[in-house]
>>> print(open('input.pdb').read())   # PDB, C-alpha atoms
ATOM      1  CA  MET B   1       0.000   0.000   0.000
ATOM      2  CA  HIS B   2       1.095   3.557  -0.761
ATOM      3  CA  SER B   3      -0.294   6.787   0.640
ATOM      4  CA  VAL B   4      -0.243  10.415  -0.465
ATOM      5  CA  ARG B   5      -1.564  13.605   1.128
ATOM      6  CA  SER B   6      -4.371  15.390  -0.678
ATOM      7  CA  ALA B   7      -4.528  19.199  -0.885
ATOM      8  CA  ASP B   8      -6.354  19.450   2.455
ATOM      9  CA  GLY B   9      -3.949  17.046   4.180
ATOM     10  CA  THR B  10      -6.175  13.950   4.008
ATOM     11  CA  PRO B  11      -4.170  10.747   3.423
ATOM     12  CA  ILE B  12      -5.292   8.848   0.332
ATOM     13  CA  ALA B  13      -4.265   5.200   0.001
ATOM     14  CA  PHE B  14      -3.561   3.374  -3.245
ATOM     15  CA  TRP B  15      -2.156   0.041  -4.382
ATOM     16  CA  ARG B  16       0.120  -0.736  -7.323
ATOM     17  CA  SER B  17       0.334  -3.950  -9.337
ATOM     18  CA  GLY B  18       1.323  -5.135 -12.808
ATOM     19  CA  SER B  19       3.535  -3.437 -15.357
ATOM     20  CA  GLY B  20       3.130  -1.145 -18.346
ATOM     21  CA  ARG B  21       1.498   2.233 -18.794
ATOM     22  CA  PRO B  22      -0.236   3.535 -15.656
ATOM     23  CA  LEU B  23      -3.962   2.911 -15.235
ATOM     24  CA  LEU B  24      -5.795   4.390 -12.239
ATOM     25  CA  LEU B  25      -9.022   2.746 -10.991
ATOM     26  CA  ILE B  26     -11.571   4.774  -9.001
ATOM     27  CA  HIS B  27     -14.495   3.084  -7.233
ATOM     28  CA  GLY B  28     -18.015   4.324  -6.504
ATOM     29  CA  VAL B  29     -20.088   5.294  -3.465
ATOM     30  CA  ILE B  30     -20.289   2.280  -1.152
ATOM     31  CA  ALA B  31     -17.246   0.410  -2.376
ATOM     32  CA  SER B  32     -13.506   0.302  -1.831
ATOM     33  CA  HIS B  33     -10.749  -0.486  -4.295
ATOM     34  CA  ALA B  34     -10.848  -4.126  -3.176
ATOM     35  CA  THR B  35     -14.574  -4.714  -3.640
ATOM     36  CA  THR B  36     -15.033  -3.000  -7.006
ATOM     37  CA  TRP B  37     -12.006  -4.226  -8.925
ATOM     38  CA  ARG B  38     -11.058  -7.587  -7.453
ATOM     39  CA  LEU B  39     -12.364  -9.661 -10.419
ATOM     40  CA  VAL B  40     -10.944  -7.431 -13.161
ATOM     41  CA  LEU B  41      -7.715  -6.111 -11.638
ATOM     42  CA  PRO B  42      -5.650  -9.294 -12.252
ATOM     43  CA  GLN B  43      -6.502  -9.165 -15.971
ATOM     44  CA  LEU B  44      -5.803  -5.434 -16.238
ATOM     45  CA  ALA B  45      -2.475  -5.870 -14.428
ATOM     46  CA  GLN B  46      -1.323  -8.127 -17.273
ATOM     47  CA  HIS B  47      -1.351  -5.069 -19.539
ATOM     48  CA  PHE B  48      -0.847  -2.023 -17.292
ATOM     49  CA  THR B  49       0.699  -0.826 -14.090
ATOM     50  CA  VAL B  50      -2.575  -0.613 -12.199
ATOM     51  CA  TYR B  51      -3.115   1.875  -9.395
ATOM     52  CA  ALA B  52      -6.296   1.284  -7.377
ATOM     53  CA  MET B  53      -7.152   3.986  -4.857
ATOM     54  CA  ASP B  54      -9.506   4.123  -1.897
ATOM     55  CA  ARG B  55     -11.520   7.330  -2.050
ATOM     56  CA  ARG B  56     -11.621   9.469   1.100
ATOM     57  CA  GLY B  57     -13.557   7.887   3.929
ATOM     58  CA  ARG B  58     -13.114   4.435   2.389
ATOM     59  CA  GLY B  59     -10.801   1.548   3.178
ATOM     60  CA  ALA B  60      -7.312   2.674   4.157
ATOM     61  CA  SER B  61      -7.789   6.338   3.172
ATOM     62  CA  GLY B  62      -8.394   9.073   5.701
ATOM     63  CA  ASP B  63     -11.264  11.532   5.877
ATOM     64  CA  SER B  64     -12.015  15.111   6.847
ATOM     65  CA  SER B  65     -14.808  16.964   8.580
ATOM     66  CA  THR B  66     -15.798  18.828   5.428
ATOM     67  CA  TYR B  67     -16.816  17.153   2.193
ATOM     68  CA  THR B  68     -17.191  18.418  -1.378
ATOM     69  CA  LEU B  69     -16.856  17.000  -4.857
ATOM     70  CA  GLU B  70     -13.881  19.319  -5.316
ATOM     71  CA  ARG B  71     -12.029  17.538  -2.492
ATOM     72  CA  GLU B  72     -12.603  14.231  -4.291
ATOM     73  CA  ALA B  73     -11.082  15.698  -7.466
ATOM     74  CA  GLU B  74      -8.087  16.914  -5.467
ATOM     75  CA  ASP B  75      -7.620  13.417  -4.030
ATOM     76  CA  ILE B  76      -7.398  11.971  -7.534
ATOM     77  CA  LEU B  77      -4.927  14.653  -8.584
ATOM     78  CA  ALA B  78      -2.772  13.824  -5.561
ATOM     79  CA  VAL B  79      -2.579  10.176  -6.626
ATOM     80  CA  VAL B  80      -1.897  11.171 -10.242
ATOM     81  CA  ASP B  81       0.933  13.430  -9.056
ATOM     82  CA  ALA B  82       2.359  10.538  -7.025
ATOM     83  CA  ILE B  83       2.287   8.305 -10.119
ATOM     84  CA  GLY B  84       4.423  10.940 -11.799
ATOM     85  CA  GLN B  85       3.431  10.490 -15.444
ATOM     86  CA  ALA B  86       0.434  10.705 -17.763
ATOM     87  CA  VAL B  87      -2.231   8.250 -16.687
ATOM     88  CA  ASP B  88      -5.361   6.550 -18.017
ATOM     89  CA  ILE B  89      -8.336   6.420 -15.660
ATOM     90  CA  VAL B  90     -11.277   4.070 -15.186
ATOM     91  CA  GLY B  91     -14.015   5.448 -12.939
ATOM     92  CA  HIS B  92     -17.139   3.598 -11.879
ATOM     93  CA  SER B  93     -20.336   5.416 -10.944
ATOM     94  CA  PHE B  94     -19.660   8.327  -8.560
ATOM     95  CA  GLY B  95     -15.939   7.626  -8.875
ATOM     96  CA  GLY B  96     -16.213   8.407 -12.565
ATOM     97  CA  LEU B  97     -17.862  11.733 -11.819
ATOM     98  CA  CYS B  98     -14.969  12.563  -9.490
ATOM     99  CA  ALA B  99     -12.543  11.592 -12.265
ATOM    100  CA  LEU B 100     -14.243  13.825 -14.826
ATOM    101  CA  GLU B 101     -14.067  16.778 -12.447
ATOM    102  CA  ALA B 102     -10.386  16.027 -11.830
ATOM    103  CA  ALA B 103      -9.758  15.967 -15.587
ATOM    104  CA  LEU B 104     -10.694  19.647 -15.752
ATOM    105  CA  ARG B 105      -7.864  20.456 -13.360
ATOM    106  CA  THR B 106      -4.888  18.702 -15.000
ATOM    107  CA  ASP B 107      -3.333  18.013 -18.380
ATOM    108  CA  VAL B 108      -1.783  14.641 -17.526
ATOM    109  CA  MET B 109      -4.850  12.430 -17.986
ATOM    110  CA  ARG B 110      -4.417  10.554 -21.260
ATOM    111  CA  ARG B 111      -7.759   8.754 -21.540
ATOM    112  CA  LEU B 112     -10.922   8.369 -19.471
ATOM    113  CA  ILE B 113     -13.273   5.405 -19.179
ATOM    114  CA  LEU B 114     -16.405   6.332 -17.221
ATOM    115  CA  TYR B 115     -18.979   3.667 -16.388
ATOM    116  CA  GLU B 116     -22.459   5.130 -15.724
ATOM    117  CA  ALA B 117     -20.815   8.036 -14.001
ATOM    118  CA  VAL B 118     -22.103  11.463 -15.006
ATOM    119  CA  PRO B 119     -25.714  12.620 -14.567
ATOM    120  CA  LEU B 120     -26.927  15.510 -16.686
ATOM    121  CA  ARG B 121     -28.910  16.689 -13.663
ATOM    122  CA  GLY B 122     -28.393  14.611 -10.573
ATOM    123  CA  ALA B 123     -31.753  15.401  -8.982
ATOM    124  CA  ASP B 124     -33.545  13.757 -11.919
ATOM    125  CA  ASN B 125     -32.019  10.387 -10.973
ATOM    126  CA  TYR B 126     -33.364  10.316  -7.433
ATOM    127  CA  PRO B 127     -36.853   9.298  -6.280
ATOM    128  CA  PRO B 128     -38.567  11.944  -4.128
ATOM    129  CA  ASP B 129     -37.375  12.022  -0.514
ATOM    130  CA  VAL B 130     -35.015   9.059  -0.895
ATOM    131  CA  ILE B 131     -32.054  10.812   0.762
ATOM    132  CA  PRO B 132     -34.093  11.854   3.846
ATOM    133  CA  LYS B 133     -35.334   8.257   3.968
ATOM    134  CA  LEU B 134     -31.751   7.009   4.028
ATOM    135  CA  ASP B 135     -30.850   9.567   6.705
ATOM    136  CA  ALA B 136     -33.704   8.272   8.876
ATOM    137  CA  LEU B 137     -32.684   4.652   8.419
ATOM    138  CA  LEU B 138     -29.085   5.422   9.356
ATOM    139  CA  ALA B 139     -30.194   7.449  12.384
ATOM    140  CA  ALA B 140     -32.152   4.371  13.487
ATOM    141  CA  ASN B 141     -29.033   2.231  12.943
ATOM    142  CA  GLN B 142     -30.766   0.247  10.174
ATOM    143  CA  ILE B 143     -27.568   0.068   8.148
ATOM    144  CA  GLU B 144     -28.365  -2.877   5.904
ATOM    145  CA  THR B 145     -31.853  -1.601   5.132
ATOM    146  CA  ALA B 146     -30.324   1.740   4.127
ATOM    147  CA  LEU B 147     -27.801   0.018   1.876
ATOM    148  CA  VAL B 148     -30.419  -2.132   0.165
ATOM    149  CA  THR B 149     -32.731   0.867  -0.220
ATOM    150  CA  MET B 150     -29.988   2.820  -1.982
ATOM    151  CA  LEU B 151     -29.132  -0.086  -4.285
ATOM    152  CA  ARG B 152     -32.775  -0.606  -5.163
ATOM    153  CA  GLU B 153     -34.141   2.929  -5.385
ATOM    154  CA  ILE B 154     -31.141   4.894  -6.663
ATOM    155  CA  VAL B 155     -28.912   2.412  -8.503
ATOM    156  CA  GLY B 156     -31.940   0.482  -9.761
ATOM    157  CA  LEU B 157     -30.707  -3.027  -8.932
ATOM    158  CA  GLY B 158     -33.169  -5.858  -8.698
ATOM    159  CA  ALA B 159     -33.319  -8.560  -6.057
ATOM    160  CA  THR B 160     -31.130 -10.936  -8.089
ATOM    161  CA  ASP B 161     -28.221  -8.501  -8.330
ATOM    162  CA  ILE B 162     -28.509  -7.505  -4.671
ATOM    163  CA  ASP B 163     -28.470 -11.178  -3.671
ATOM    164  CA  MET B 164     -25.364 -11.645  -5.836
ATOM    165  CA  LEU B 165     -23.603  -8.895  -3.890
ATOM    166  CA  ARG B 166     -24.672 -10.457  -0.595
ATOM    167  CA  ARG B 167     -23.111 -13.782  -1.574
ATOM    168  CA  ASP B 168     -19.665 -12.230  -1.122
ATOM    169  CA  PRO B 169     -19.686 -11.738   2.684
ATOM    170  CA  GLU B 170     -16.395  -9.832   2.874
ATOM    171  CA  ALA B 171     -17.357  -7.347   0.155
ATOM    172  CA  TRP B 172     -20.858  -6.974   1.610
ATOM    173  CA  ALA B 173     -19.338  -6.185   5.009
ATOM    174  CA  THR B 174     -17.198  -3.497   3.362
ATOM    175  CA  ARG B 175     -20.280  -1.956   1.776
ATOM    176  CA  LEU B 176     -22.063  -1.956   5.114
ATOM    177  CA  SER B 177     -19.102  -0.248   6.782
ATOM    178  CA  ASN B 178     -19.188   2.447   4.087
ATOM    179  CA  THR B 179     -22.922   3.054   4.247
ATOM    180  CA  ARG B 180     -22.872   5.758   6.922
ATOM    181  CA  ALA B 181     -20.739   7.994   4.681
ATOM    182  CA  MET B 182     -23.032   7.373   1.715
ATOM    183  CA  PRO B 183     -25.500  10.303   2.052
ATOM    184  CA  ARG B 184     -22.857  13.023   1.632
ATOM    185  CA  GLU B 185     -21.844  11.619  -1.741
ATOM    186  CA  LEU B 186     -25.442  11.088  -2.807
ATOM    187  CA  ARG B 187     -26.124  14.735  -1.965
ATOM    188  CA  ALA B 188     -23.113  15.817  -4.033
ATOM    189  CA  GLU B 189     -24.444  13.869  -7.004
ATOM    190  CA  TYR B 190     -28.017  15.056  -6.388
ATOM    191  CA  GLU B 191     -26.847  18.661  -6.592
ATOM    192  CA  TYR B 192     -24.648  18.079  -9.635
ATOM    193  CA  VAL B 193     -25.596  19.680 -12.955
ATOM    194  CA  PHE B 194     -23.566  18.864 -16.053
ATOM    195  CA  LEU B 195     -22.761  22.155 -17.802
ATOM    196  CA  PRO B 196     -21.526  21.407 -21.344
ATOM    197  CA  GLU B 197     -19.665  24.708 -21.644
ATOM    198  CA  ARG B 198     -17.294  23.632 -18.847
ATOM    199  CA  PHE B 199     -16.027  20.735 -20.959
ATOM    200  CA  THR B 200     -15.680  22.120 -24.476
ATOM    201  CA  ASP B 201     -11.885  22.326 -24.146
ATOM    202  CA  LEU B 202     -11.448  18.882 -22.563
ATOM    203  CA  ARG B 203      -9.642  16.966 -25.312
ATOM    204  CA  VAL B 204      -9.138  13.743 -23.370
ATOM    205  CA  ALA B 205     -10.307  10.686 -25.319
ATOM    206  CA  THR B 206     -13.276   9.396 -23.307
ATOM    207  CA  LEU B 207     -15.282   6.181 -23.367
ATOM    208  CA  LEU B 208     -18.688   6.226 -21.707
ATOM    209  CA  LEU B 209     -19.754   2.715 -20.727
ATOM    210  CA  VAL B 210     -23.460   2.019 -20.252
ATOM    211  CA  GLY B 211     -25.174  -1.236 -19.355
ATOM    212  CA  GLU B 212     -27.667  -2.176 -22.051
ATOM    213  CA  ALA B 213     -30.139  -3.271 -19.352
ATOM    214  CA  SER B 214     -29.611  -0.226 -17.114
ATOM    215  CA  ALA B 215     -32.224   2.439 -16.516
ATOM    216  CA  ALA B 216     -32.902   4.551 -19.615
ATOM    217  CA  ARG B 217     -31.518   7.631 -17.850
ATOM    218  CA  GLU B 218     -27.993   6.186 -18.024
ATOM    219  CA  LEU B 219     -27.921   6.121 -21.814
ATOM    220  CA  SER B 220     -29.627   9.500 -21.989
ATOM    221  CA  SER B 221     -27.006  11.014 -19.691
ATOM    222  CA  ALA B 222     -24.165   9.389 -21.637
ATOM    223  CA  ARG B 223     -25.488  10.852 -24.873
ATOM    224  CA  GLY B 224     -25.628  14.315 -23.346
ATOM    225  CA  VAL B 225     -22.091  14.036 -22.015
ATOM    226  CA  ALA B 226     -20.766  12.614 -25.300
ATOM    227  CA  ALA B 227     -22.292  15.522 -27.194
ATOM    228  CA  ALA B 228     -20.380  17.991 -25.019
ATOM    229  CA  LEU B 229     -16.968  16.299 -24.858
ATOM    230  CA  PRO B 230     -14.959  16.750 -28.066
ATOM    231  CA  SER B 231     -13.426  13.245 -27.968
ATOM    232  CA  ALA B 232     -16.069  11.014 -26.349
ATOM    233  CA  ARG B 233     -18.033   8.012 -27.503
ATOM    234  CA  ILE B 234     -20.457   5.520 -25.966
ATOM    235  CA  ARG B 235     -20.229   1.738 -25.723
ATOM    236  CA  LEU B 236     -23.104  -0.416 -24.555
ATOM    237  CA  LEU B 237     -22.399  -3.517 -22.471
ATOM    238  CA  PRO B 238     -24.880  -6.168 -23.688
ATOM    239  CA  GLU B 239     -27.318  -7.527 -21.084
ATOM    240  CA  GLN B 240     -25.515  -5.656 -18.282
ATOM    241  CA  GLN B 241     -26.600  -3.091 -15.731
ATOM    242  CA  HIS B 242     -24.429  -1.128 -13.284
ATOM    243  CA  LEU B 243     -22.126  -3.939 -12.154
ATOM    244  CA  ALA B 244     -20.435  -5.502 -15.166
ATOM    245  CA  MET B 245     -17.164  -5.723 -13.192
ATOM    246  CA  TYR B 246     -18.922  -8.495 -11.205
ATOM    247  CA  THR B 247     -21.490  -9.871 -13.626
ATOM    248  CA  ALA B 248     -19.346  -9.873 -16.794
ATOM    249  CA  PRO B 249     -15.713  -9.175 -15.851
ATOM    250  CA  ASP B 250     -14.293 -10.485 -19.137
ATOM    251  CA  MET B 251     -16.622  -8.214 -21.108
ATOM    252  CA  PHE B 252     -15.690  -5.246 -18.956
ATOM    253  CA  VAL B 253     -11.953  -5.848 -19.358
ATOM    254  CA  ARG B 254     -12.347  -6.324 -23.112
ATOM    255  CA  ALA B 255     -14.118  -2.959 -23.420
ATOM    256  CA  VAL B 256     -11.303  -1.259 -21.490
ATOM    257  CA  LEU B 257      -8.514  -2.928 -23.463
ATOM    258  CA  GLU B 258     -10.086  -2.294 -26.857
ATOM    259  CA  PHE B 259     -10.627   1.396 -26.177
ATOM    260  CA  LEU B 260      -7.128   1.956 -24.832
ATOM    261  CA  ALA B 261      -5.631   0.037 -27.770
ATOM    262  CA  GLU B 262      -7.483   2.284 -30.233
ATOM    263  CA  HIS B 263      -6.158   5.503 -28.723
TER     264      HIS B 263
END
>>> encode(input="input.pdb", output="structure tokens")
Amino acid sequence: MHSVRSADGTPIAFWRSGSGRPLLLIHGVIASHATTWRLVLPQLAQHFTVYAMDRRGRGASGDSSTYTLEREAEDILAVVDAIGQAVDIVGHSFGGLCALEAALRTDVMRRLILYEAVPLRGADNYPPDVIPKLDALLAANQIETALVTMLREIVGLGATDIDMLRRDPEAWATRLSNTRAMPRELRAEYEYVFLPERFTDLRVATLLLVGEASAARELSSARGVAAALPSARIRLLPEQQHLAMYTAPDMFVRAVLEFLAEH
């Protein structure tokens, strides 16, 4: 494990494996580097030097009393600076949104792969009152109910996919331990509005991955983002939803490798 200090002094942990050009992996809301990437990292490490970070408040990384999306972007930039050369990035879900915001603040990101990451208007993706509902569940110490509610009502997973996640007890325990910090990130996404004019000069080649079976809003958002980014395109993952790293790891890795080979 390696650690670097972010701009506000928060320690951010990351792990290195493999060899080749650097590839940074950034996980989503309730995950850690270990839960999100464990099935795909060994394959990716055959082609790249893979850096997998824990976002702030997750795993081995530290945290701070204040939280903003800008701090998340600074965390990514701190890891990129520690890598010391131009880097490709794969970001899943909220981690991809953090990566896109970081890309506006540096010129050393070579390529971006964002998997169902960027809402056009975050509030449109949330059922009414779902965040207050999660707050109430957490206040009542109903941690697992809060986690399942988020997966069902915000991510849009069905019972089969949630049961699949439960069948990995260690990863499920990690998600439960991360659940209390979940609302702050959901609020950051809820308040997020994608402004195309902010990204017109972002020339980073970008792949937007979308599960073919995901909610229609994911493809709609990807199309809006692709229209704004000068060098972006969309790839659908057949029969997948939000978790292809678990449900179709070979397909996920193939999409990453093919895009990076093209550019």
>>> closest_atom_pairs(input="input.pdb", of="region 123-223 of chain B", to="region 35-48 of chain B", cutoff="9 Å", atoms="all atoms listed in the file", output="JSON lines")
{"residue": "B:Glu170", "atom": "CA", "partner": "B:Thr35", "partner_atom": "CA", "distance": 8.5}
{"residue": "B:Ala171", "atom": "CA", "partner": "B:Thr35", "partner_atom": "CA", "distance": 5.4}
{"residue": "B:Trp172", "atom": "CA", "partner": "B:Thr35", "partner_atom": "CA", "distance": 8.5}
{"residue": "B:Thr174", "atom": "CA", "partner": "B:Thr35", "partner_atom": "CA", "distance": 7.6}
{"residue": "B:Arg175", "atom": "CA", "partner": "B:Thr35", "partner_atom": "CA", "distance": 8.3}
>>> closest_residue(input="input.pdb", among="B:Ala181, B:Leu114, B:Leu134, B:Leu25", to="Leu208 (chain B)", atoms="all atoms listed in the file")
B:Leu114
>>> closest_residue(input="input.pdb", among="B:Leu112, B:Val210, B:Ala248, B:Leu237", to="Ala86 (chain B)", atoms="all atoms listed in the file")
B:Leu112
>>> atom_distance(input="input.pdb", atom1="CA of Phe199 (chain B)", atom2="CA of Ala13 (chain B)")
28.6 Å
>>> resolve_selection(input="input.pdb", expression="the PyMOL selection byres ((chain B and resi 122-126) around 12)", output="PDB file with C-alpha atoms, keeping the file's coordinate frame")
ATOM      1  CA  PHE B  94     -19.660   8.327  -8.560  1.00  0.00           C
ATOM      2  CA  LEU B  97     -17.862  11.733 -11.819  1.00  0.00           C
ATOM      3  CA  GLU B 116     -22.459   5.130 -15.724  1.00  0.00           C
ATOM      4  CA  ALA B 117     -20.815   8.036 -14.001  1.00  0.00           C
ATOM      5  CA  VAL B 118     -22.103  11.463 -15.006  1.00  0.00           C
ATOM      6  CA  PRO B 119     -25.714  12.620 -14.567  1.00  0.00           C
ATOM      7  CA  LEU B 120     -26.927  15.510 -16.686  1.00  0.00           C
ATOM      8  CA  ARG B 121     -28.910  16.689 -13.663  1.00  0.00           C
ATOM      9  CA  PRO B 127     -36.853   9.298  -6.280  1.00  0.00           C
ATOM     10  CA  PRO B 128     -38.567  11.944  -4.128  1.00  0.00           C
ATOM     11  CA  ASP B 129     -37.375  12.022  -0.514  1.00  0.00           C
ATOM     12  CA  VAL B 130     -35.015   9.059  -0.895  1.00  0.00           C
ATOM     13  CA  ILE B 131     -32.054  10.812   0.762  1.00  0.00           C
ATOM     14  CA  PRO B 132     -34.093  11.854   3.846  1.00  0.00           C
ATOM     15  CA  LYS B 133     -35.334   8.257   3.968  1.00  0.00           C
ATOM     16  CA  THR B 149     -32.731   0.867  -0.220  1.00  0.00           C
ATOM     17  CA  MET B 150     -29.988   2.820  -1.982  1.00  0.00           C
ATOM     18  CA  LEU B 151     -29.132  -0.086  -4.285  1.00  0.00           C
ATOM     19  CA  ARG B 152     -32.775  -0.606  -5.163  1.00  0.00           C
ATOM     20  CA  GLU B 153     -34.141   2.929  -5.385  1.00  0.00           C
ATOM     21  CA  ILE B 154     -31.141   4.894  -6.663  1.00  0.00           C
ATOM     22  CA  VAL B 155     -28.912   2.412  -8.503  1.00  0.00           C
ATOM     23  CA  GLY B 156     -31.940   0.482  -9.761  1.00  0.00           C
ATOM     24  CA  GLU B 185     -21.844  11.619  -1.741  1.00  0.00           C
ATOM     25  CA  LEU B 186     -25.442  11.088  -2.807  1.00  0.00           C
ATOM     26  CA  ARG B 187     -26.124  14.735  -1.965  1.00  0.00           C
ATOM     27  CA  ALA B 188     -23.113  15.817  -4.033  1.00  0.00           C
ATOM     28  CA  GLU B 189     -24.444  13.869  -7.004  1.00  0.00           C
ATOM     29  CA  TYR B 190     -28.017  15.056  -6.388  1.00  0.00           C
ATOM     30  CA  GLU B 191     -26.847  18.661  -6.592  1.00  0.00           C
ATOM     31  CA  TYR B 192     -24.648  18.079  -9.635  1.00  0.00           C
ATOM     32  CA  VAL B 193     -25.596  19.680 -12.955  1.00  0.00           C
ATOM     33  CA  PHE B 194     -23.566  18.864 -16.053  1.00  0.00           C
ATOM     34  CA  LEU B 195     -22.761  22.155 -17.802  1.00  0.00           C
ATOM     35  CA  ALA B 215     -32.224   2.439 -16.516  1.00  0.00           C
ATOM     36  CA  ALA B 216     -32.902   4.551 -19.615  1.00  0.00           C
ATOM     37  CA  ARG B 217     -31.518   7.631 -17.850  1.00  0.00           C
ATOM     38  CA  GLU B 218     -27.993   6.186 -18.024  1.00  0.00           C
ATOM     39  CA  SER B 220     -29.627   9.500 -21.989  1.00  0.00           C
ATOM     40  CA  SER B 221     -27.006  11.014 -19.691  1.00  0.00           C
TER      41      SER B 221
END
>>> closest_residue(input="input.pdb", among="B:Pro11, B:Pro238, B:Pro196, B:Gly211", to="His92 (chain B)", atoms="only C-alpha atoms")
B:Gly211
>>> resolve_selection(input="input.pdb", expression="the PyMOL selection byres ((chain B and resi 63) around 12)", output="PyMOL selection string")
chain B and resi 5-6+8-13+54-62+64-68+71-72+75+181
>>> atom_distance(input="input.pdb", atom1="CA of Leu229 (chain B)", atom2="CA of Thr200 (chain B)")
6.0 Å
>>> resolve_selection(input="input.pdb", expression="the PyMOL selection byres ((chain B and resi 204-206) around 6)", output="mmCIF file with C-alpha atoms, keeping the file's coordinate frame")
data_model
loop_
_atom_site.group_PDB
_atom_site.id
_atom_site.type_symbol
_atom_site.label_atom_id
_atom_site.label_comp_id
_atom_site.auth_asym_id
_atom_site.auth_seq_id
_atom_site.Cartn_x
_atom_site.Cartn_y
_atom_site.Cartn_z
ATOM 1 C CA ARG B 111 -7.759 8.754 -21.540
ATOM 2 C CA LEU B 112 -10.922 8.369 -19.471
ATOM 3 C CA ILE B 113 -13.273 5.405 -19.179
ATOM 4 C CA LEU B 202 -11.448 18.882 -22.563
ATOM 5 C CA ARG B 203 -9.642 16.966 -25.312
ATOM 6 C CA LEU B 207 -15.282 6.181 -23.367
ATOM 7 C CA SER B 231 -13.426 13.245 -27.968
ATOM 8 C CA ALA B 232 -16.069 11.014 -26.349
#
>>> atom_distance(input="input.pdb", atom1="CA of Gln241 (chain B)", atom2="CA of Leu209 (chain B)")
10.3 Å
>>> residues_near_point(input="input.pdb", point="(-12.0, 1.1, -20.3)", cutoff="6 Å", atoms="all atoms listed in the file", output="ChimeraX atom specification")
/B:90,113,255-256
>>> write_last_selection(input="input.pdb", atoms="C-alpha atoms", output="JSON list (two decimals), in the coordinates of the input")
[["chain", "number", "residue", "atom", "x", "y", "z"],
["B", 90, "VAL", "CA", -11.28, 4.07, -15.19],
["B", 113, "ILE", "CA", -13.27, 5.40, -19.18],
["B", 255, "ALA", "CA", -14.12, -2.96, -23.42],
["B", 256, "VAL", "CA", -11.30, -1.26, -21.49]]
>>> axis_aligned_box(input="input.pdb", around="region 217-228 of chain B", padding_each_side="8 Å", output="lines of an AutoDock Vina configuration file")
center_x = -25.9
center_y = 12.1
center_z = -22.5
size_x = 27.1
size_y = 27.9
size_z = 25.3
>>> closest_residue(input="input.pdb", among="B:Ser17, B:Ala7, B:Ala227, B:Asp88", to="Glu74 (chain B)", atoms="all atoms listed in the file")
B:Ala7
